[in-house]
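Student: This is the structure, below, for whatever I ask next.
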Amino acid sequence: MNNNTIFKQPLSLFLLLLALLVGAGACKKEEDTVVQPDASNLSRVVADNFNLSVFNTGLTRSGLNSKLQETGPFTVIAPSDDAFVTAGYPDAATLIAAESAKISALMQYHIIDGNYDFKRLPFLFNQEIRSYNGGKLFVTHWVKGPDTVLTINGAVILSKNIPASNGVIQVIDRVLQPYAFAYVLEAIANDRNLSLFYQALQKAGLTEMLSKNETYTVFAPENTAMKAYGLSSLQDIEAADPAVLSRLMRYHILADRRFVYDYVLSTGTTLLSKQTMLDGNSVTVKLIANPSVPGTYNGISVQGTGNTSAILLTNRDVLAGNGVLHTIGSVLKITQ
């Protein structure tokens with residue numbers, strides 16, 4: 001055995017050990033640099049909130065849970081589980097069974113690009129912002145007694161600015177419905193329960209007005225109310241004096257956007273307020289107490305100058321591009 005052979009073996013062993021050490025160090029370095037999932041992003045915060053389980057199901061079904069893991073920032077308007085129950089989705093299974101496209105549009109309407117602290121908005125009613133899918137949202141920042149109240153499309157924000165690494169969450173008490181119609185007239189025309197009121201608007205010559213970009217709120221009597229008033233058919237409506245009918249219809253319209261909760265915020269301690277309608281006459285608005293929370297109010301009734309009793313709303317806060325539609329159980333009368 002020569003000297004070269006003697007030195008080759010220890011040298012080979014040394015090089016092998018060195019390679020193993022370098023490889024182990026590289027593996028260790030790889031392990032140290034693995035990026036861990038962000039446990040505080042919006043998607044995870046929603047998933048970890050027991051009161052947002054139905055909303056979380058909607059995000060998962062629509063694929064938006066992955067969107068809310070991105071850098072953002074985003075503002076998530078999250079209806080509580082109780083809000084989904086009120087909207088007809090009592091549990092996650094009901095939401096899963098609903099039409100896919102409808103759920104996707106619904107979820108997108110509850111997400112906003114950007115980090116919005118609504119408490120920093122001016123103290124004004126219905127300030128317009130845009131949702132992730134381009135829909136209009138209307139935020140009100142107002143003082144009611146000792147409290148500062150925030151609403152979105154008339155829904156009250158229950159928990160404000162829940163933080164996440166890529167945005168904030170605002171929890172609300174109602175599910176927001178993206179509007180399907182650009183004009184409030186279209187919303188009326190597509191509601192079978194308002195067909196007589198729609199025909200009366202046509203006869204009164206008000207359809208063009210309600211199809212413009214000016215803002216309106218309409219208190220629309222349902223068909224049973226129109227029949228009780230004496231306008232039970234198209235023939236009855238055609239036989240009516242156009243001037244009288246126009247005045248009656250205009251008494252159901254105001255030139256502004258008003259959700260139900262806007263009246264709750266703006267009405268004083270008497271619980272009564274006056275709303276001037278398009279014809280110049282006023283309607284009395286009365287707050288309805290919230291039976292679940294004593295001392296608070298979550299609804300209204302309306303009464304015309306010729307009505308002997310208050311009228312309840314049978315549907316509320318239907319948003320269109322140029323206004324809001326409420327359905328009422330009786331016709332607002334100007335005179336007895």
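Quick note on naming: the chains in the structure tokens go A, B, ... in the order shown, residues restart at 1 in each chain, and ligands are numbered from 1 in order of appearance.
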Mind checking DSSP for region 117-309 of chain A and telling me the helix (DSSP H, G or I) residues as a ChimeraX atom specification?
Tutor: /A:118-120,184-189,192-204,209-211,223-229,234-239,242-250,260-266
Student: Would you save the residues of that selection, restricted to N, CA and C atoms, as a compact mmCIF listing (two decimals), in the first residue's frame?
Tutor:
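Okay, this is what ended up in part-v3.txt:
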# COMPACT_ATOMS: atom_id res chain seq x y z
N PHE A 118 -65.74 53.56 9.51
CA PHE A 118 -66.92 54.37 9.26
C PHE A 118 -67.12 55.44 10.34
N LYS A 119 -66.50 55.27 11.48
CA LYS A 119 -66.61 56.28 12.54
C LYS A 119 -65.96 57.59 12.14
N ARG A 120 -65.11 57.55 11.14
CA ARG A 120 -64.43 58.77 10.67
C ARG A 120 -65.24 59.53 9.61
N VAL A 184 -86.37 52.70 -8.80
CA VAL A 184 -87.38 52.22 -7.86
C VAL A 184 -88.66 51.82 -8.59
N LEU A 185 -88.96 52.46 -9.72
CA LEU A 185 -90.13 52.08 -10.50
C LEU A 185 -90.05 50.63 -10.94
N GLU A 186 -88.85 50.17 -11.34
CA GLU A 186 -88.67 48.79 -11.77
C GLU A 186 -88.91 47.82 -10.61
N ALA A 187 -88.48 48.21 -9.42
CA ALA A 187 -88.72 47.37 -8.25
C ALA A 187 -90.22 47.21 -7.99
N ILE A 188 -90.97 48.30 -8.17
CA ILE A 188 -92.42 48.26 -8.00
C ILE A 188 -93.05 47.38 -9.09
N ALA A 189 -92.64 47.59 -10.32
CA ALA A 189 -93.23 46.87 -11.46
C ALA A 189 -93.00 45.37 -11.37
N ARG A 192 -95.37 41.52 -7.77
CA ARG A 192 -96.76 41.21 -8.10
C ARG A 192 -97.73 41.75 -7.05
N ASN A 193 -97.26 41.87 -5.84
CA ASN A 193 -98.12 42.38 -4.76
C ASN A 193 -98.37 43.88 -4.88
N LEU A 194 -97.67 44.55 -5.82
CA LEU A 194 -97.82 45.99 -6.00
C LEU A 194 -98.35 46.34 -7.39
N SER A 195 -98.99 45.39 -8.05
CA SER A 195 -99.42 45.61 -9.43
C SER A 195 -100.46 46.71 -9.56
N LEU A 196 -101.38 46.82 -8.61
CA LEU A 196 -102.40 47.87 -8.68
C LEU A 196 -101.77 49.25 -8.44
N PHE A 197 -100.84 49.32 -7.50
CA PHE A 197 -100.15 50.59 -7.25
C PHE A 197 -99.35 51.01 -8.49
N TYR A 198 -98.71 50.05 -9.14
CA TYR A 198 -97.96 50.34 -10.36
C TYR A 198 -98.88 50.88 -11.46
N GLN A 199 -100.04 50.27 -11.61
CA GLN A 199 -100.99 50.75 -12.62
C GLN A 199 -101.48 52.16 -12.28
N ALA A 200 -101.66 52.43 -10.99
CA ALA A 200 -102.08 53.78 -10.58
C ALA A 200 -100.99 54.81 -10.87
N LEU A 201 -99.73 54.44 -10.68
CA LEU A 201 -98.62 55.34 -11.02
C LEU A 201 -98.62 55.64 -12.51
N GLN A 202 -98.88 54.64 -13.32
CA GLN A 202 -98.95 54.85 -14.76
C GLN A 202 -100.07 55.83 -15.12
N LYS A 203 -101.25 55.60 -14.57
CA LYS A 203 -102.39 56.46 -14.85
C LYS A 203 -102.13 57.89 -14.38
N ALA A 204 -101.39 58.03 -13.27
CA ALA A 204 -101.10 59.35 -12.72
C ALA A 204 -99.96 60.06 -13.45
N MET A 209 -90.99 60.02 -13.93
CA MET A 209 -90.30 60.67 -12.81
C MET A 209 -89.52 59.64 -11.99
N LEU A 210 -90.13 58.49 -11.72
CA LEU A 210 -89.50 57.47 -10.87
C LEU A 210 -88.44 56.66 -11.63
N SER A 211 -88.26 56.96 -12.92
CA SER A 211 -87.24 56.29 -13.73
C SER A 211 -86.06 57.22 -14.02
N ASN A 223 -101.59 45.24 -2.84
CA ASN A 223 -102.84 45.10 -3.60
C ASN A 223 -104.08 45.06 -2.71
N THR A 224 -104.02 44.36 -1.58
CA THR A 224 -105.19 44.30 -0.69
C THR A 224 -105.55 45.69 -0.18
N ALA A 225 -104.55 46.54 0.04
CA ALA A 225 -104.79 47.90 0.51
C ALA A 225 -105.44 48.74 -0.59
N MET A 226 -104.97 48.58 -1.82
CA MET A 226 -105.57 49.32 -2.94
C MET A 226 -107.03 48.90 -3.15
N LYS A 227 -107.30 47.61 -3.00
CA LYS A 227 -108.68 47.12 -3.16
C LYS A 227 -109.59 47.67 -2.07
N ALA A 228 -109.07 47.70 -0.83
CA ALA A 228 -109.86 48.23 0.28
C ALA A 228 -110.16 49.72 0.09
N TYR A 229 -109.27 50.42 -0.60
CA TYR A 229 -109.46 51.85 -0.86
C TYR A 229 -110.48 52.09 -1.96
N LEU A 234 -107.94 47.38 -12.79
CA LEU A 234 -107.45 48.35 -13.77
C LEU A 234 -108.59 49.27 -14.22
N GLN A 235 -109.80 48.73 -14.31
CA GLN A 235 -110.95 49.53 -14.71
C GLN A 235 -111.21 50.64 -13.70
N ASP A 236 -111.12 50.32 -12.40
CA ASP A 236 -111.31 51.34 -11.36
C ASP A 236 -110.26 52.44 -11.49
N ILE A 237 -109.04 52.04 -11.75
CA ILE A 237 -107.95 53.01 -11.85
C ILE A 237 -108.13 53.89 -13.09
N GLU A 238 -108.51 53.29 -14.21
CA GLU A 238 -108.72 54.05 -15.44
C GLU A 238 -109.88 55.03 -15.30
N ALA A 239 -110.85 54.68 -14.46
CA ALA A 239 -112.02 55.54 -14.28
C ALA A 239 -111.76 56.69 -13.32
N PRO A 242 -107.58 61.70 -13.14
CA PRO A 242 -106.11 61.69 -13.15
C PRO A 242 -105.49 62.67 -12.17
N ALA A 243 -106.07 63.85 -11.99
CA ALA A 243 -105.51 64.85 -11.08
C ALA A 243 -105.62 64.37 -9.63
N VAL A 244 -106.76 63.80 -9.28
CA VAL A 244 -106.96 63.29 -7.92
C VAL A 244 -106.03 62.11 -7.67
N LEU A 245 -105.91 61.22 -8.66
CA LEU A 245 -105.05 60.05 -8.53
C LEU A 245 -103.59 60.46 -8.41
N SER A 246 -103.19 61.46 -9.19
CA SER A 246 -101.81 61.94 -9.13
C SER A 246 -101.47 62.48 -7.75
N ARG A 247 -102.41 63.25 -7.19
CA ARG A 247 -102.18 63.80 -5.85
C ARG A 247 -102.06 62.69 -4.82
N LEU A 248 -102.90 61.66 -4.93
CA LEU A 248 -102.85 60.52 -4.01
C LEU A 248 -101.53 59.77 -4.14
N MET A 249 -101.08 59.51 -5.35
CA MET A 249 -99.84 58.78 -5.57
C MET A 249 -98.64 59.57 -5.05
N ARG A 250 -98.64 60.87 -5.28
CA ARG A 250 -97.53 61.71 -4.84
C ARG A 250 -97.46 61.79 -3.31
N VAL A 260 -85.76 52.59 7.00
CA VAL A 260 -86.54 52.63 8.24
C VAL A 260 -85.70 53.14 9.41
N TYR A 261 -84.47 52.66 9.51
CA TYR A 261 -83.67 53.06 10.67
C TYR A 261 -83.25 54.53 10.61
N ASP A 262 -83.31 55.14 9.46
CA ASP A 262 -83.06 56.59 9.38
C ASP A 262 -84.08 57.35 10.22
N TYR A 263 -85.32 56.87 10.22
CA TYR A 263 -86.36 57.51 11.04
C TYR A 263 -86.13 57.25 12.52
N VAL A 264 -85.64 56.06 12.84
CA VAL A 264 -85.32 55.75 14.24
C VAL A 264 -84.25 56.72 14.76
N LEU A 265 -83.25 56.99 13.93
CA LEU A 265 -82.16 57.87 14.35
C LEU A 265 -82.58 59.33 14.44
N SER A 266 -83.47 59.76 13.56
CA SER A 266 -83.78 61.19 13.47
C SER A 266 -85.00 61.61 14.29
Student: Go through region 154-179 of chain A residue by residue and, counting only C-alpha atoms, keep those with an atom at most 8 Å from region 72-75 of chain A; for each kept residue give the shortest atom pair and its distance in Å to one decimal, ordered by chain and increasing number, as a tab-separated table.
Tutor:
residue	atom	partner	partner_atom	distance
A:Asn166	CA	A:Pro73	CA	4.8
A:Gly167	CA	A:Pro73	CA	4.7
A:Val168	CA	A:Thr75	CA	5.1
A:Ile169	CA	A:Thr75	CA	5.8
A:Gln170	CA	A:Thr75	CA	7.4
Student: As an exercise, work out the distance from CA of Gly114 (chain A) to CA of Leu42 (chain A) in Å and give it to one decimal place.
Tutor: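 CA of Gly114 (chain A) sits 12.7 Å away from CA of Leu42 (chain A).
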Student: Using only C-alpha atoms, pick whichever of A:Thr207, A:Thr140, A:Ser104, A:Thr57 has the shortest atom-to-atom distance to Tyr89 (chain A).
Tutor: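 Ranking A:Thr207, A:Thr140, A:Ser104, A:Thr57 by distance to Tyr89 (chain A), first place goes to A:Thr57.
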